[in-house]
>>> print(open('start_18.txt').read())   # compact mmCIF, N, CA and C atoms
# COMPACT_ATOMS: atom_id res chain seq x y z
N MET A 145 -7.86 10.77 22.27
CA MET A 145 -7.24 9.52 21.88
C MET A 145 -8.30 8.46 21.59
N ARG A 146 -9.33 8.36 22.46
CA ARG A 146 -10.37 7.38 22.23
C ARG A 146 -11.10 7.63 20.92
N LEU A 147 -11.33 8.90 20.60
CA LEU A 147 -12.01 9.24 19.36
C LEU A 147 -11.19 8.79 18.17
N LEU A 148 -9.88 9.00 18.21
CA LEU A 148 -9.00 8.57 17.12
C LEU A 148 -9.07 7.06 16.94
N ILE A 149 -9.01 6.32 18.03
CA ILE A 149 -9.06 4.85 17.95
C ILE A 149 -10.41 4.41 17.38
N LEU A 150 -11.50 5.00 17.83
CA LEU A 150 -12.81 4.65 17.31
C LEU A 150 -12.93 4.97 15.83
N CYS A 151 -12.39 6.11 15.39
CA CYS A 151 -12.44 6.47 13.98
C CYS A 151 -11.66 5.47 13.13
N VAL A 152 -10.49 5.08 13.59
CA VAL A 152 -9.68 4.11 12.85
C VAL A 152 -10.38 2.77 12.79
N LEU A 153 -10.89 2.29 13.92
CA LEU A 153 -11.60 1.01 13.94
C LEU A 153 -12.84 1.06 13.07
N GLY A 154 -13.55 2.15 13.10
CA GLY A 154 -14.74 2.29 12.26
C GLY A 154 -14.39 2.29 10.79
N ALA A 155 -13.31 2.95 10.41
CA ALA A 155 -12.90 2.99 9.01
C ALA A 155 -12.50 1.61 8.53
N VAL A 156 -11.82 0.84 9.36
CA VAL A 156 -11.40 -0.50 8.97
C VAL A 156 -12.61 -1.41 8.88
N ALA A 157 -13.50 -1.35 9.84
CA ALA A 157 -14.66 -2.23 9.87
C ALA A 157 -15.66 -1.92 8.76
N CYS A 158 -15.73 -0.69 8.33
CA CYS A 158 -16.76 -0.27 7.38
C CYS A 158 -16.21 0.06 6.01
N ASN A 159 -15.05 -0.44 5.65
CA ASN A 159 -14.49 -0.05 4.37
C ASN A 159 -15.27 -0.62 3.20
N GLY A 160 -15.94 -1.75 3.39
CA GLY A 160 -16.81 -2.28 2.35
C GLY A 160 -16.09 -2.73 1.09
N SER A 161 -14.79 -2.87 1.14
CA SER A 161 -14.06 -3.20 -0.08
C SER A 161 -14.23 -4.65 -0.49
N GLY A 162 -14.44 -5.54 0.47
CA GLY A 162 -14.58 -6.95 0.15
C GLY A 162 -13.27 -7.62 -0.20
N ASP A 163 -12.16 -6.90 -0.10
CA ASP A 163 -10.85 -7.47 -0.43
C ASP A 163 -10.38 -8.39 0.68
N ASN A 164 -9.52 -9.33 0.31
CA ASN A 164 -8.89 -10.17 1.32
C ASN A 164 -7.92 -9.33 2.10
N MET A 165 -7.99 -9.44 3.39
CA MET A 165 -7.06 -8.69 4.21
C MET A 165 -6.10 -9.69 4.83
N ALA A 166 -4.81 -9.40 4.74
CA ALA A 166 -3.82 -10.29 5.33
C ALA A 166 -4.03 -10.34 6.84
N VAL A 167 -3.77 -11.48 7.43
CA VAL A 167 -3.95 -11.66 8.86
C VAL A 167 -2.66 -11.29 9.58
N PRO A 168 -2.65 -10.18 10.34
CA PRO A 168 -1.42 -9.75 10.99
C PRO A 168 -0.81 -10.81 11.91
N ALA A 169 -1.63 -11.63 12.57
CA ALA A 169 -1.10 -12.63 13.50
C ALA A 169 -0.25 -13.67 12.78
N ALA A 170 -0.46 -13.86 11.48
CA ALA A 170 0.27 -14.88 10.74
C ALA A 170 1.46 -14.30 9.99
N ASP A 171 1.77 -13.05 10.22
CA ASP A 171 2.82 -12.44 9.42
C ASP A 171 4.22 -12.76 9.95
N LEU A 172 5.20 -12.35 9.20
CA LEU A 172 6.59 -12.61 9.53
C LEU A 172 7.32 -11.32 9.88
N ARG A 173 6.58 -10.32 10.33
CA ARG A 173 7.18 -9.02 10.64
C ARG A 173 8.40 -9.22 11.51
N GLY A 174 9.48 -8.58 11.16
CA GLY A 174 10.72 -8.72 11.89
C GLY A 174 11.58 -9.86 11.38
N GLN A 175 11.00 -10.77 10.60
CA GLN A 175 11.75 -11.89 10.05
C GLN A 175 12.06 -11.70 8.57
N CYS A 176 11.46 -10.70 7.95
CA CYS A 176 11.70 -10.44 6.53
C CYS A 176 12.87 -9.47 6.38
N PRO A 177 13.81 -9.77 5.48
CA PRO A 177 14.88 -8.80 5.24
C PRO A 177 14.32 -7.56 4.56
N THR A 178 14.79 -6.40 4.96
CA THR A 178 14.30 -5.16 4.37
C THR A 178 15.26 -4.59 3.34
N ASN A 179 16.47 -5.16 3.28
CA ASN A 179 17.41 -4.69 2.27
C ASN A 179 17.26 -5.56 1.02
N GLY A 180 17.92 -5.19 -0.03
CA GLY A 180 17.86 -5.97 -1.25
C GLY A 180 16.93 -5.35 -2.27
N ALA A 181 16.94 -5.96 -3.43
CA ALA A 181 16.16 -5.44 -4.55
C ALA A 181 14.67 -5.69 -4.35
N PRO A 182 13.85 -4.80 -4.89
CA PRO A 182 12.40 -5.02 -4.80
C PRO A 182 11.96 -6.18 -5.68
N ALA A 183 10.91 -6.85 -5.25
CA ALA A 183 10.31 -7.93 -6.04
C ALA A 183 9.39 -7.36 -7.11
N ALA A 184 8.94 -6.12 -6.91
CA ALA A 184 8.08 -5.44 -7.89
C ALA A 184 8.31 -3.94 -7.81
N ASN A 185 8.22 -3.30 -8.96
CA ASN A 185 8.35 -1.84 -9.05
C ASN A 185 7.07 -1.27 -9.63
N VAL A 186 6.58 -0.21 -9.01
CA VAL A 186 5.40 0.49 -9.49
C VAL A 186 5.79 1.95 -9.67
N THR A 187 5.45 2.51 -10.82
CA THR A 187 5.70 3.92 -11.07
C THR A 187 4.40 4.69 -10.83
N VAL A 188 4.49 5.74 -10.03
CA VAL A 188 3.32 6.58 -9.74
C VAL A 188 3.43 7.80 -10.65
N VAL A 189 2.52 7.86 -11.61
CA VAL A 189 2.45 9.01 -12.51
C VAL A 189 1.10 9.68 -12.27
N ASP A 190 0.82 10.74 -12.98
CA ASP A 190 -0.43 11.43 -12.72
C ASP A 190 -1.63 10.55 -13.03
N ASP A 191 -2.41 10.32 -12.00
CA ASP A 191 -3.68 9.62 -12.04
C ASP A 191 -3.61 8.11 -12.28
N GLN A 192 -2.43 7.50 -12.12
CA GLN A 192 -2.38 6.04 -12.23
C GLN A 192 -1.08 5.46 -11.66
N TYR A 193 -1.21 4.18 -11.32
CA TYR A 193 -0.05 3.39 -10.92
C TYR A 193 0.29 2.50 -12.12
N GLN A 194 1.56 2.39 -12.45
CA GLN A 194 1.98 1.56 -13.57
C GLN A 194 3.00 0.54 -13.09
N PRO A 195 2.68 -0.74 -13.05
CA PRO A 195 1.39 -1.36 -13.33
C PRO A 195 0.42 -1.17 -12.17
N GLN A 196 -0.84 -1.40 -12.46
CA GLN A 196 -1.88 -1.20 -11.46
C GLN A 196 -1.89 -2.34 -10.43
N ALA A 197 -1.50 -3.54 -10.85
CA ALA A 197 -1.49 -4.70 -9.95
C ALA A 197 -0.15 -5.42 -10.08
N VAL A 198 0.40 -5.84 -8.94
CA VAL A 198 1.64 -6.61 -8.92
C VAL A 198 1.47 -7.81 -8.00
N THR A 199 2.29 -8.83 -8.23
CA THR A 199 2.30 -10.02 -7.37
C THR A 199 3.73 -10.23 -6.89
N VAL A 200 3.88 -10.46 -5.59
CA VAL A 200 5.19 -10.69 -4.99
C VAL A 200 5.11 -11.88 -4.04
N PRO A 201 6.26 -12.49 -3.72
CA PRO A 201 6.25 -13.56 -2.72
C PRO A 201 6.14 -12.99 -1.32
N VAL A 202 5.85 -13.84 -0.34
CA VAL A 202 5.88 -13.42 1.06
C VAL A 202 7.28 -12.86 1.33
N CYS A 203 7.35 -11.77 2.03
CA CYS A 203 8.58 -11.01 2.30
C CYS A 203 9.10 -10.27 1.07
N GLY A 204 8.26 -10.14 0.05
CA GLY A 204 8.65 -9.39 -1.14
C GLY A 204 8.51 -7.90 -0.91
N LYS A 205 9.47 -7.16 -1.44
CA LYS A 205 9.45 -5.70 -1.33
C LYS A 205 8.83 -5.09 -2.59
N VAL A 206 7.97 -4.10 -2.39
CA VAL A 206 7.42 -3.32 -3.50
C VAL A 206 7.98 -1.91 -3.38
N ARG A 207 8.46 -1.39 -4.50
CA ARG A 207 8.98 -0.02 -4.54
C ARG A 207 8.07 0.81 -5.46
N TRP A 208 7.50 1.87 -4.89
CA TRP A 208 6.73 2.84 -5.66
C TRP A 208 7.64 4.04 -5.94
N THR A 209 7.84 4.36 -7.20
CA THR A 209 8.65 5.51 -7.58
C THR A 209 7.71 6.58 -8.12
N PHE A 210 7.68 7.72 -7.45
CA PHE A 210 6.79 8.82 -7.82
C PHE A 210 7.47 9.68 -8.88
N GLN A 211 6.80 9.81 -10.04
CA GLN A 211 7.29 10.63 -11.14
C GLN A 211 6.11 11.41 -11.70
N ALA A 212 5.51 12.23 -10.89
CA ALA A 212 4.26 12.91 -11.27
C ALA A 212 4.42 14.42 -11.20
N ALA A 213 3.57 15.10 -11.92
CA ALA A 213 3.52 16.56 -11.83
C ALA A 213 2.75 16.97 -10.57
N GLY A 214 1.66 16.24 -10.28
CA GLY A 214 0.87 16.52 -9.10
C GLY A 214 1.25 15.61 -7.95
N LYS A 215 0.66 15.85 -6.80
CA LYS A 215 0.94 15.05 -5.60
C LYS A 215 0.01 13.86 -5.53
N HIS A 216 0.59 12.73 -5.09
CA HIS A 216 -0.14 11.48 -4.95
C HIS A 216 0.37 10.75 -3.72
N GLY A 217 -0.25 9.64 -3.41
CA GLY A 217 0.19 8.82 -2.29
C GLY A 217 -0.24 7.39 -2.51
N VAL A 218 0.25 6.52 -1.66
CA VAL A 218 -0.16 5.12 -1.63
C VAL A 218 -0.90 4.97 -0.31
N TYR A 219 -2.21 4.76 -0.39
CA TYR A 219 -3.05 4.70 0.81
C TYR A 219 -3.76 3.34 0.87
N PRO A 220 -3.41 2.48 1.84
CA PRO A 220 -4.04 1.15 1.93
C PRO A 220 -5.46 1.25 2.47
N TRP A 221 -6.42 0.73 1.73
CA TRP A 221 -7.83 0.84 2.14
C TRP A 221 -8.10 0.12 3.44
N ASP A 222 -7.46 -1.01 3.67
CA ASP A 222 -7.71 -1.78 4.90
C ASP A 222 -6.74 -1.43 6.02
N MET A 223 -5.88 -0.45 5.78
CA MET A 223 -4.88 -0.02 6.77
C MET A 223 -4.00 -1.20 7.20
N ASN A 224 -3.71 -2.12 6.28
CA ASN A 224 -2.92 -3.30 6.62
C ASN A 224 -1.45 -3.15 6.21
N PHE A 225 -1.06 -1.97 5.80
CA PHE A 225 0.35 -1.60 5.65
C PHE A 225 0.43 -0.09 5.73
N PRO A 226 1.59 0.47 5.99
CA PRO A 226 1.67 1.92 6.19
C PRO A 226 1.43 2.70 4.89
N ALA A 227 0.83 3.85 5.02
CA ALA A 227 0.63 4.75 3.89
C ALA A 227 1.93 5.48 3.58
N SER A 228 2.09 5.84 2.33
CA SER A 228 3.26 6.62 1.93
C SER A 228 3.01 8.09 2.26
N PRO A 229 4.08 8.88 2.25
CA PRO A 229 3.88 10.33 2.30
C PRO A 229 3.21 10.79 1.01
N ILE A 230 2.57 11.93 1.05
CA ILE A 230 2.01 12.54 -0.16
C ILE A 230 3.18 13.25 -0.85
N MET A 231 3.41 12.93 -2.13
CA MET A 231 4.54 13.53 -2.83
C MET A 231 4.35 13.42 -4.34
N SER A 232 5.14 14.17 -5.07
CA SER A 232 5.14 14.06 -6.53
C SER A 232 6.41 13.39 -7.04
N GLN A 233 7.48 13.49 -6.28
CA GLN A 233 8.76 12.86 -6.63
C GLN A 233 9.28 12.14 -5.40
N GLY A 234 9.89 11.00 -5.60
CA GLY A 234 10.46 10.26 -4.48
C GLY A 234 10.18 8.79 -4.57
N VAL A 235 10.53 8.06 -3.51
CA VAL A 235 10.39 6.61 -3.47
C VAL A 235 9.76 6.20 -2.14
N PHE A 236 8.87 5.23 -2.22
CA PHE A 236 8.27 4.61 -1.04
C PHE A 236 8.40 3.10 -1.21
N GLU A 237 8.85 2.40 -0.16
CA GLU A 237 9.00 0.95 -0.22
C GLU A 237 8.33 0.30 0.98
N TYR A 238 7.85 -0.91 0.75
CA TYR A 238 7.30 -1.70 1.85
C TYR A 238 7.54 -3.18 1.56
N VAL A 239 7.94 -3.91 2.60
CA VAL A 239 8.13 -5.36 2.53
C VAL A 239 6.86 -6.00 3.09
N PHE A 240 6.20 -6.82 2.27
CA PHE A 240 4.93 -7.45 2.66
C PHE A 240 5.20 -8.78 3.35
N PRO A 241 4.94 -8.86 4.67
CA PRO A 241 5.31 -10.06 5.44
C PRO A 241 4.29 -11.18 5.45
N ALA A 242 3.12 -10.99 4.86
CA ALA A 242 2.08 -12.02 4.94
C ALA A 242 1.33 -12.12 3.62
N ALA A 243 0.89 -13.33 3.29
CA ALA A 243 0.11 -13.56 2.09
C ALA A 243 -1.23 -12.85 2.18
N GLY A 244 -1.74 -12.42 1.05
CA GLY A 244 -3.03 -11.76 0.99
C GLY A 244 -3.09 -10.80 -0.17
N THR A 245 -4.21 -10.12 -0.30
CA THR A 245 -4.37 -9.10 -1.31
C THR A 245 -4.48 -7.76 -0.61
N TYR A 246 -3.63 -6.86 -0.99
CA TYR A 246 -3.54 -5.53 -0.38
C TYR A 246 -4.00 -4.50 -1.42
N SER A 247 -5.18 -3.95 -1.22
CA SER A 247 -5.69 -2.94 -2.14
C SER A 247 -5.36 -1.56 -1.61
N TYR A 248 -5.05 -0.67 -2.52
CA TYR A 248 -4.70 0.69 -2.13
C TYR A 248 -5.14 1.67 -3.22
N GLY A 249 -5.04 2.91 -2.92
CA GLY A 249 -5.35 3.96 -3.88
C GLY A 249 -4.60 5.21 -3.50
N CYS A 250 -4.80 6.24 -4.26
CA CYS A 250 -4.15 7.51 -3.99
C CYS A 250 -4.83 8.20 -2.82
N ALA A 251 -4.04 8.73 -1.93
CA ALA A 251 -4.58 9.42 -0.76
C ALA A 251 -5.37 10.67 -1.17
N ILE A 252 -5.11 11.19 -2.34
CA ILE A 252 -5.81 12.39 -2.82
C ILE A 252 -6.94 12.02 -3.78
N HIS A 253 -6.68 11.11 -4.70
CA HIS A 253 -7.65 10.78 -5.75
C HIS A 253 -8.52 9.57 -5.44
N GLY A 254 -8.28 8.93 -4.32
CA GLY A 254 -9.14 7.85 -3.84
C GLY A 254 -9.22 6.66 -4.78
N ARG A 255 -10.40 6.08 -4.84
CA ARG A 255 -10.59 4.84 -5.60
C ARG A 255 -10.59 5.07 -7.11
N MET A 256 -10.49 6.31 -7.54
CA MET A 256 -10.35 6.60 -8.97
C MET A 256 -8.94 6.28 -9.45
N MET A 257 -8.04 6.00 -8.51
CA MET A 257 -6.65 5.68 -8.83
C MET A 257 -6.29 4.41 -8.05
N PRO A 258 -6.81 3.23 -8.49
CA PRO A 258 -6.63 2.00 -7.71
C PRO A 258 -5.31 1.28 -8.01
N GLY A 259 -4.91 0.50 -7.03
CA GLY A 259 -3.75 -0.38 -7.18
C GLY A 259 -3.89 -1.55 -6.23
N SER A 260 -3.12 -2.61 -6.48
CA SER A 260 -3.16 -3.75 -5.57
C SER A 260 -1.86 -4.52 -5.61
N VAL A 261 -1.56 -5.15 -4.47
CA VAL A 261 -0.42 -6.03 -4.34
C VAL A 261 -0.97 -7.38 -3.88
N THR A 262 -0.66 -8.44 -4.63
CA THR A 262 -1.02 -9.79 -4.21
C THR A 262 0.25 -10.45 -3.71
N VAL A 263 0.19 -10.98 -2.50
CA VAL A 263 1.34 -11.64 -1.89
C VAL A 263 1.01 -13.12 -1.77
N ARG A 264 1.87 -13.95 -2.37
CA ARG A 264 1.66 -15.42 -2.36
C ARG A 264 2.81 -16.12 -1.71
>>> encode(input="start_18.txt", output="structure tokens")
Amino acid sequence: MRLLILCVLGAVACNGSGDNMAVPAADLRGQCPTNGAPAANVTVVDDQYQPQAVTVPVCGKVRWTFQAAGKHGVYPWDMNFPASPIMSQGVFEYVFPAAGTYSYGCAIHGRMMPGSVTVR
């Protein structure tokens, strides 16, 4: 267990991305509605997110719809939101409770398949 915690902390501390990370202490987790229409839709196709960058308001929901031949995922580089399952077809949604820039990429293809969510 200690090794897992150290690995996670090390990955977060050493990601080197330079991106703004939302501050969890300032979030509205539990206060954001999770039902309703998404504020942004991203289609996951082979080797790219369409669109690559989206902007949503605080408590905005992003829906990723996977329509790919190969398997992909949504993997947050700063671990500041949950990763999606690895899949080729399906839907993953997340409600962003705090302002910031959330950079992510494919869990398989890494930074060669970048995406970002800006929450204002």
>>> atom_distance(input="start_18.txt", atom1="atom N of Met223 in chain A", atom2="atom C of Tyr248 in chain A")
9.3 Å
>>> atom_distance(input="start_18.txt", atom1="CA of Val186 in chain A", atom2="CA of Phe236 in chain A")
9.8 Å
>>> atom_distance(input="start_18.txt", atom1="atom N of Gly234 in chain A", atom2="atom C of Met257 in chain A")
17.6 Å
>>> residues_near_point(input="start_18.txt", point="(7.6, -2.6, -7.0)", cutoff="6 Å", atoms="only N, CA and C atoms", output="PyMOL selection string")
chain A and resi 182-186+205-208
>>> write_last_selection(input="start_18.txt", atoms="N, CA and C atoms", output="short mmCIF file (atom, residue, chain, number, x, y, z; two decimals), in the frame of the given file")
data_model
loop_
_atom_site.label_atom_id
_atom_site.label_comp_id
_atom_site.auth_asym_id
_atom_site.auth_seq_id
_atom_site.Cartn_x
_atom_site.Cartn_y
_atom_site.Cartn_z
N PRO A 182 13.85 -4.80 -4.89
CA PRO A 182 12.40 -5.02 -4.80
C PRO A 182 11.96 -6.18 -5.68
N ALA A 183 10.91 -6.85 -5.25
CA ALA A 183 10.31 -7.93 -6.04
C ALA A 183 9.39 -7.36 -7.11
N ALA A 184 8.94 -6.12 -6.91
CA ALA A 184 8.08 -5.44 -7.89
C ALA A 184 8.31 -3.94 -7.81
N ASN A 185 8.22 -3.30 -8.96
CA ASN A 185 8.35 -1.84 -9.05
C ASN A 185 7.07 -1.27 -9.63
N VAL A 186 6.58 -0.21 -9.01
CA VAL A 186 5.40 0.49 -9.49
C VAL A 186 5.79 1.95 -9.67
N LYS A 205 9.47 -7.16 -1.44
CA LYS A 205 9.45 -5.70 -1.33
C LYS A 205 8.83 -5.09 -2.59
N VAL A 206 7.97 -4.10 -2.39
CA VAL A 206 7.42 -3.32 -3.50
C VAL A 206 7.98 -1.91 -3.38
N ARG A 207 8.46 -1.39 -4.50
CA ARG A 207 8.98 -0.02 -4.54
C ARG A 207 8.07 0.81 -5.46
N TRP A 208 7.50 1.87 -4.89
CA TRP A 208 6.73 2.84 -5.66
C TRP A 208 7.64 4.04 -5.94
#
>>> closest_residue(input="start_18.txt", among="A:Ile252, A:Val202, A:Val218, A:Val189", to="Phe240 in chain A", atoms="only C-alpha atoms")
A:Val202
>>> axis_aligned_box(input="start_18.txt", around="range 228-246 of chain A", padding_each_side="5 Å", output="AutoDock Vina command-line options")
--center_x 3.0 --center_y 0.3 --center_z -0.8 --size_x 25.0 --size_y 37.7 --size_z 22.5
